[in-house]
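Data block for work02.json (JSON, C-alpha atoms):
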```json
[["chain", "number", "residue", "atom", "x", "y", "z"],
["A", 627, "MET", "CA", 132.29, -61.40, 111.78],
["A", 628, "ALA", "CA", 135.20, -62.47, 114.03],
["A", 629, "ALA", "CA", 138.32, -63.62, 112.31],
["A", 630, "ASP", "CA", 139.13, -67.30, 112.50],
["A", 631, "LEU", "CA", 142.37, -67.57, 114.49],
["A", 632, "SER", "CA", 142.42, -71.34, 114.72],
["A", 633, "PRO", "CA", 145.65, -73.19, 113.89],
["A", 634, "ARG", "CA", 144.01, -74.26, 110.64],
["A", 635, "THR", "CA", 143.92, -70.73, 109.25],
["A", 636, "ARG", "CA", 146.61, -68.87, 111.23],
["A", 637, "ALA", "CA", 149.49, -67.64, 109.04],
["A", 638, "ALA", "CA", 152.35, -70.09, 109.03],
["A", 639, "GLU", "CA", 155.58, -68.99, 110.65],
["A", 640, "PRO", "CA", 158.36, -68.43, 108.09],
["A", 641, "ALA", "CA", 160.58, -71.45, 107.68],
["A", 642, "GLY", "CA", 163.84, -69.55, 108.32],
["A", 643, "PRO", "CA", 163.29, -68.77, 112.02],
["A", 644, "ARG", "CA", 161.96, -72.27, 112.65],
["A", 645, "LEU", "CA", 165.05, -73.83, 111.08],
["A", 646, "ARG", "CA", 167.37, -71.49, 112.99],
["A", 647, "ARG", "CA", 165.76, -72.41, 116.32],
["A", 648, "ALA", "CA", 165.98, -76.11, 115.46],
["A", 649, "SER", "CA", 169.66, -75.74, 114.58],
["A", 650, "ALA", "CA", 170.36, -73.85, 117.79],
["A", 651, "ALA", "CA", 168.59, -76.56, 119.74],
["A", 652, "ALA", "CA", 170.84, -79.13, 118.07],
["A", 653, "LEU", "CA", 173.95, -77.25, 119.21],
["A", 654, "LEU", "CA", 172.60, -76.93, 122.73],
["A", 655, "GLY", "CA", 171.82, -80.63, 122.64],
["A", 656, "VAL", "CA", 175.46, -81.37, 121.90],
["A", 657, "ALA", "CA", 176.44, -79.15, 124.83],
["A", 658, "LEU", "CA", 174.11, -80.97, 127.18],
["A", 659, "ALA", "CA", 175.28, -84.37, 125.94],
["A", 660, "LEU", "CA", 178.96, -83.70, 126.64],
["A", 661, "PRO", "CA", 180.07, -85.78, 129.64],
["A", 662, "GLY", "CA", 180.18, -83.70, 132.80],
["A", 663, "CYS", "CA", 178.05, -80.86, 131.41],
["A", 664, "GLY", "CA", 175.02, -80.06, 133.48],
["A", 665, "GLY", "CA", 174.08, -77.43, 130.92],
["A", 666, "PRO", "CA", 175.49, -74.88, 128.52],
["A", 667, "PRO", "CA", 177.20, -71.70, 129.67],
["A", 668, "ALA", "CA", 175.08, -68.63, 130.04],
["A", 669, "ALA", "CA", 175.90, -67.19, 126.64],
["A", 670, "ASP", "CA", 174.71, -63.66, 125.93],
["A", 671, "PRO", "CA", 171.40, -63.93, 124.04],
["A", 672, "SER", "CA", 171.60, -60.31, 122.90],
["A", 673, "PRO", "CA", 171.98, -59.35, 119.22],
["A", 674, "PRO", "CA", 175.34, -59.96, 117.54],
["A", 675, "VAL", "CA", 178.19, -57.69, 118.61],
["A", 676, "PRO", "CA", 180.50, -56.37, 115.85],
["A", 677, "SER", "CA", 184.07, -57.59, 115.99],
["A", 678, "ALA", "CA", 186.45, -54.79, 116.90],
["A", 679, "THR", "CA", 189.92, -55.49, 115.63],
["A", 680, "THR", "CA", 190.40, -58.69, 113.66],
["A", 681, "SER", "CA", 190.84, -58.23, 109.94],
["A", 682, "VAL", "CA", 188.03, -60.03, 108.14],
["A", 683, "PRO", "CA", 187.92, -60.91, 104.43],
["A", 684, "ALA", "CA", 185.53, -58.82, 102.36],
["A", 685, "GLY", "CA", 182.00, -60.16, 102.62],
["A", 686, "ALA", "CA", 182.64, -62.17, 105.77],
["A", 687, "ASP", "CA", 180.34, -61.73, 108.78],
["A", 688, "ALA", "CA", 182.45, -60.50, 111.72],
["A", 689, "THR", "CA", 179.72, -60.64, 114.37],
["A", 690, "VAL", "CA", 179.39, -63.06, 117.27],
["A", 691, "SER", "CA", 175.94, -63.97, 118.56],
["A", 692, "GLY", "CA", 175.07, -65.88, 121.71],
["A", 693, "ILE", "CA", 175.16, -69.23, 119.92],
["A", 694, "ASP", "CA", 178.53, -68.38, 118.34],
["A", 695, "ALA", "CA", 179.95, -67.41, 121.75],
["A", 696, "LEU", "CA", 178.64, -70.69, 123.17],
["A", 697, "PHE", "CA", 180.47, -72.66, 120.49],
["A", 698, "LEU", "CA", 183.70, -70.71, 120.95],
["A", 699, "ALA", "CA", 183.56, -71.09, 124.73],
["A", 700, "MET", "CA", 183.02, -74.83, 124.48],
["A", 701, "MET", "CA", 185.69, -75.26, 121.83],
["A", 702, "VAL", "CA", 188.23, -73.24, 123.83],
["A", 703, "ALA", "CA", 187.73, -75.57, 126.77],
["A", 704, "HIS", "CA", 187.80, -78.65, 124.54],
["A", 705, "THR", "CA", 191.03, -77.50, 122.86],
["A", 706, "GLU", "CA", 192.68, -76.89, 126.22],
["A", 707, "GLN", "CA", 191.88, -80.51, 127.05],
["A", 708, "THR", "CA", 193.27, -81.68, 123.71],
["A", 709, "LEU", "CA", 196.56, -79.96, 124.44],
["A", 710, "GLU", "CA", 196.69, -81.61, 127.86],
["A", 711, "ILE", "CA", 196.15, -85.03, 126.26],
["A", 712, "VAL", "CA", 198.82, -84.27, 123.66],
["A", 713, "ARG", "CA", 201.36, -83.14, 126.27],
["A", 714, "LEU", "CA", 200.90, -86.39, 128.16],
["A", 715, "GLY", "CA", 200.93, -88.33, 124.88],
["A", 716, "LEU", "CA", 204.30, -86.92, 123.91],
["A", 717, "ASP", "CA", 205.66, -88.10, 127.25],
["A", 718, "ARG", "CA", 204.28, -91.61, 126.79],
["A", 719, "ALA", "CA", 204.00, -92.46, 123.10],
["A", 720, "THR", "CA", 206.77, -94.49, 121.48],
["A", 721, "ASP", "CA", 205.55, -94.98, 117.89],
["A", 722, "PRO", "CA", 207.22, -92.24, 115.81],
["A", 723, "ARG", "CA", 204.18, -92.00, 113.52],
["A", 724, "ILE", "CA", 201.94, -91.26, 116.49],
["A", 725, "ARG", "CA", 204.40, -88.76, 117.91],
["A", 726, "THR", "CA", 204.54, -86.94, 114.57],
["A", 727, "LEU", "CA", 200.74, -86.80, 114.39],
["A", 728, "ILE", "CA", 200.19, -85.48, 117.89],
["A", 729, "ALA", "CA", 202.96, -82.91, 117.49],
["A", 730, "ALA", "CA", 201.05, -81.61, 114.46],
["A", 731, "VAL", "CA", 197.82, -81.60, 116.50],
["A", 732, "ARG", "CA", 199.57, -79.53, 119.17],
["A", 733, "ALA", "CA", 200.77, -76.95, 116.63],
["A", 734, "THR", "CA", 197.38, -76.65, 114.91],
["A", 735, "GLU", "CA", 195.30, -76.40, 118.06],
["A", 736, "THR", "CA", 197.66, -73.97, 119.79],
["A", 737, "ASP", "CA", 197.06, -71.56, 116.91],
["A", 738, "GLU", "CA", 193.31, -72.24, 116.92],
["A", 739, "LEU", "CA", 193.13, -71.61, 120.66],
["A", 740, "ALA", "CA", 194.72, -68.18, 120.27],
["A", 741, "THR", "CA", 192.26, -67.32, 117.49],
["A", 742, "MET", "CA", 189.19, -68.35, 119.49],
["A", 743, "ARG", "CA", 190.30, -66.52, 122.63],
["A", 744, "GLY", "CA", 190.84, -63.40, 120.54],
["A", 745, "TRP", "CA", 187.35, -63.59, 119.02],
["A", 746, "LEU", "CA", 185.78, -64.03, 122.45],
["A", 747, "ARG", "CA", 187.63, -60.97, 123.73],
["A", 748, "GLU", "CA", 186.42, -58.96, 120.74],
["A", 749, "ALA", "CA", 182.84, -60.08, 121.33],
["A", 750, "GLY", "CA", 182.80, -58.28, 124.67],
["A", 751, "PRO", "CA", 182.78, -59.01, 128.39],
["A", 752, "SER", "CA", 179.64, -61.17, 128.36],
["A", 753, "ALA", "CA", 181.09, -63.60, 125.80],
["A", 754, "ALA", "CA", 184.43, -63.74, 127.62],
["A", 755, "ALA", "CA", 182.57, -64.41, 130.88],
["A", 756, "ALA", "CA", 180.66, -67.25, 129.20],
["A", 757, "ALA", "CA", 183.96, -68.81, 128.20],
["A", 758, "ALA", "CA", 185.35, -68.45, 131.71],
["A", 759, "ARG", "CA", 182.25, -70.07, 133.20],
["A", 760, "HIS", "CA", 182.42, -73.06, 130.84],
["A", 761, "ASP", "CA", 185.07, -75.04, 132.71],
["A", 762, "HIS", "CA", 185.64, -78.50, 131.25],
["A", 763, "SER", "CA", 188.31, -79.48, 133.76],
["A", 764, "GLY", "CA", 186.01, -81.89, 135.56],
["A", 765, "HIS", "CA", 184.45, -83.49, 132.51],
["A", 766, "SER", "CA", 184.43, -87.22, 133.02],
["A", 767, "GLU", "CA", 185.39, -88.13, 129.45],
["A", 768, "ALA", "CA", 188.64, -86.15, 129.31],
["A", 769, "ALA", "CA", 189.50, -86.72, 132.95],
["A", 770, "ALA", "CA", 188.94, -90.46, 132.59],
["A", 771, "GLY", "CA", 190.93, -90.54, 129.37],
["A", 772, "LEU", "CA", 193.88, -88.78, 130.94],
["A", 773, "ALA", "CA", 193.72, -91.15, 133.90],
["A", 774, "ARG", "CA", 193.73, -94.14, 131.54],
["A", 775, "LEU", "CA", 196.72, -92.78, 129.66],
["A", 776, "ARG", "CA", 198.68, -92.11, 132.84],
["A", 777, "ALA", "CA", 197.95, -95.58, 134.15],
["A", 778, "ALA", "CA", 198.64, -97.46, 130.90],
["A", 779, "ALA", "CA", 201.55, -99.87, 130.85],
["A", 780, "PRO", "CA", 204.35, -98.74, 128.53],
["A", 781, "ALA", "CA", 203.43, -101.46, 126.02],
["A", 782, "ASP", "CA", 199.83, -100.18, 125.92],
["A", 783, "ALA", "CA", 200.45, -96.42, 125.93],
["A", 784, "ASP", "CA", 200.25, -95.95, 122.16],
["A", 785, "ARG", "CA", 197.00, -97.89, 121.87],
["A", 786, "VAL", "CA", 195.39, -96.07, 124.81],
["A", 787, "LEU", "CA", 196.48, -92.69, 123.47],
["A", 788, "LEU", "CA", 194.93, -93.37, 120.08],
["A", 789, "ASP", "CA", 191.67, -94.41, 121.70],
["A", 790, "VAL", "CA", 191.50, -91.45, 124.08],
["A", 791, "LEU", "CA", 192.43, -88.86, 121.47],
["A", 792, "SER", "CA", 190.15, -90.34, 118.79],
["A", 793, "ARG", "CA", 187.15, -90.15, 121.11],
["A", 794, "HIS", "CA", 188.03, -86.59, 122.07],
["A", 795, "GLN", "CA", 188.44, -85.42, 118.47],
["A", 796, "ARG", "CA", 185.18, -87.03, 117.37],
["A", 797, "THR", "CA", 183.43, -84.88, 119.98],
["A", 798, "ALA", "CA", 185.11, -81.79, 118.52],
["A", 799, "ALA", "CA", 183.94, -82.71, 115.02],
["A", 800, "ASP", "CA", 180.37, -83.24, 116.26],
["A", 801, "LEU", "CA", 180.37, -79.87, 117.98],
["A", 802, "ALA", "CA", 181.80, -78.14, 114.91],
["A", 803, "ARG", "CA", 179.12, -79.64, 112.64],
["A", 804, "ALA", "CA", 176.43, -78.42, 115.03],
["A", 805, "GLN", "CA", 177.90, -74.90, 114.88],
["A", 806, "VAL", "CA", 177.88, -74.94, 111.08],
["A", 807, "ALA", "CA", 174.14, -75.63, 111.25],
["A", 808, "ALA", "CA", 173.33, -73.24, 114.11],
["A", 809, "GLY", "CA", 175.82, -70.37, 113.98],
["A", 810, "THR", "CA", 175.13, -66.86, 112.76],
["A", 811, "SER", "CA", 178.68, -65.60, 112.16],
["A", 812, "GLU", "CA", 179.98, -66.79, 108.82],
["A", 813, "ARG", "CA", 183.53, -66.34, 110.07],
["A", 814, "VAL", "CA", 182.90, -68.67, 113.03],
["A", 815, "ARG", "CA", 180.95, -71.12, 110.85],
["A", 816, "ASP", "CA", 183.85, -71.29, 108.39],
["A", 817, "PHE", "CA", 186.21, -71.91, 111.30],
["A", 818, "ALA", "CA", 183.91, -74.72, 112.48],
["A", 819, "ARG", "CA", 183.97, -76.29, 108.99],
["A", 820, "ARG", "CA", 187.76, -76.36, 109.12],
["A", 821, "ILE", "CA", 187.68, -77.92, 112.58],
["A", 822, "ASP", "CA", 185.28, -80.61, 111.37],
["A", 823, "ARG", "CA", 187.54, -81.48, 108.41],
["A", 824, "SER", "CA", 190.70, -81.42, 110.54],
["A", 825, "ARG", "CA", 189.38, -83.56, 113.38],
["A", 826, "THR", "CA", 187.70, -86.04, 111.06],
["A", 827, "ALA", "CA", 190.97, -86.46, 109.15],
["A", 828, "GLU", "CA", 192.86, -86.97, 112.41],
["A", 829, "VAL", "CA", 190.43, -89.66, 113.55],
["A", 830, "ASP", "CA", 190.84, -91.42, 110.20],
["A", 831, "LEU", "CA", 194.62, -91.26, 110.48],
["A", 832, "MET", "CA", 194.58, -92.63, 114.00],
["A", 833, "ALA", "CA", 192.36, -95.51, 112.90],
["A", 834, "GLY", "CA", 195.10, -96.48, 110.47],
["A", 835, "LEU", "CA", 197.77, -96.35, 113.17],
["A", 836, "GLY", "CA", 196.02, -98.60, 115.65]]
```
Structure re-expressed in structure tokens:
Amino acid sequence: MAADLSPRTRAAEPAGPRLRRASAAALLGVALALPGCGGPPAADPSPPVPSATTSVPAGADATVSGIDALFLAMMVAHTEQTLEIVRLGLDRATDPRIRTLIAAVRATETDELATMRGWLREAGPSAAAAAARHDHSGHSEAAAGLARLRAAAPADADRVLLDVLSRHQRTAADLARAQVAAGTSERVRDFARRIDRSRTAEVDLMAGLG
């Protein structure tokens, strides 16, 4: 008697892989939703590649999969934009509280940028190439924000800076939360958690300065 292979009796797929694919889809959805992105970079879909040189705490996962490389590539580009906004903000901002905040943002994200670039190098040529291909320089959100800040009257510069940077950092927090759900490297997921907390706190601080 032939086995019944109908959907009613076919063995259910384990929940773990289904949840992982759904989480990865969520991260890719964030990538596609970013202004100016026609699609995500061609991240290497191959199995995770062991990290070569960075010292990792005992028990931490030091591998970078395709989805981890995608997050790092996007966040590298996003952080480069943040630093561009901050450089212009330091030229234009007059409120000392705002200047103190964005100087702290510059210090934090300069360090984070070095860390992410190092992890992408360790992950191998394909991950580094994915980062190089993911060029955010033409993204309408950041480009438009920088244009607004350059064009703002001196009396409006602080307000425009807070608006531009708040929007930008909310995007970073959204991307970080998606990586926490989708990533495979615990080291990169922990990094994303810290980014989420940091950017969310910055947005809250800026709301109080407006």
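Of the residues under consideration (A:Met832, A:Ala781, A:Ala699, A:Ala729), A:Ala699 shows the shortest atom-to-atom contact distance to Arg743 (chain A) when counting all atoms listed in the file.
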message: Using all atoms listed in the file, list the residues that have an atom at most 12 Å from (196.2, -94.6, 109.9), coordinates as in the file, as JSON, numbers by chain.
response: {"A": [723, 724, 727, 788, 792, 827, 828, 829, 830, 831, 832, 833, 834, 835, 836]}
- prompt: What is the distance, in Å and to one decimal place, between CA of Gln805 (chain A) and CA of Leu698 (chain A)?
  reply: 9.4 Å
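Straight-line separation from CA of Gly744 (chain A) to CA of Ala768 (chain A): 24.5 Å.
Relative to CA of Leu787 (chain A), CA of Thr720 (chain A) is found at 10.6 Å.
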query: Within 10 Å of (183.2, -87.7, 109.0), in the coordinates the file gives, what residues turn up when you count only C-alpha atoms, written out as a ChimeraX atom specification?
result: /A:796,799-800,803,822-827,829-830
task: Select, from A:Gly771, A:Thr734, A:Glu812, A:Leu801, the residue with the minimum atom-to-atom distance to Leu714 (chain A), counting all atoms listed in the file.
output: A:Gly771
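Ranking A:Ala807, A:Ile821, A:Leu696, A:Met701 by their shortest atom-to-atom distance to Ala749 (chain A), with all atoms listed in the file included, puts A:Leu696 first.
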- line: Of A:Ala779, A:Leu746, A:Ala773, A:Ala798, the one sitting nearest Asp694 (chain A) when using only C-alpha atoms is A:Leu746
Go ahead and fit an axis-aligned box to every listed atom of region 707-721 of chain A plus 8 Å each side, and pass me the centre and edge lengths in Å, one decimal, as AutoDock Vina command-line options.
```
--center_x 199.3 --center_y -87.5 --center_z 123.0 --size_x 30.9 --size_y 31.0 --size_z 26.3
```
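Of the residues listed (A:Ile728, A:Ile711, A:Glu735, A:Ala695), A:Ala695 shows the shortest atom-to-atom separation from Glu748 (chain A); distances use only C-alpha atoms.
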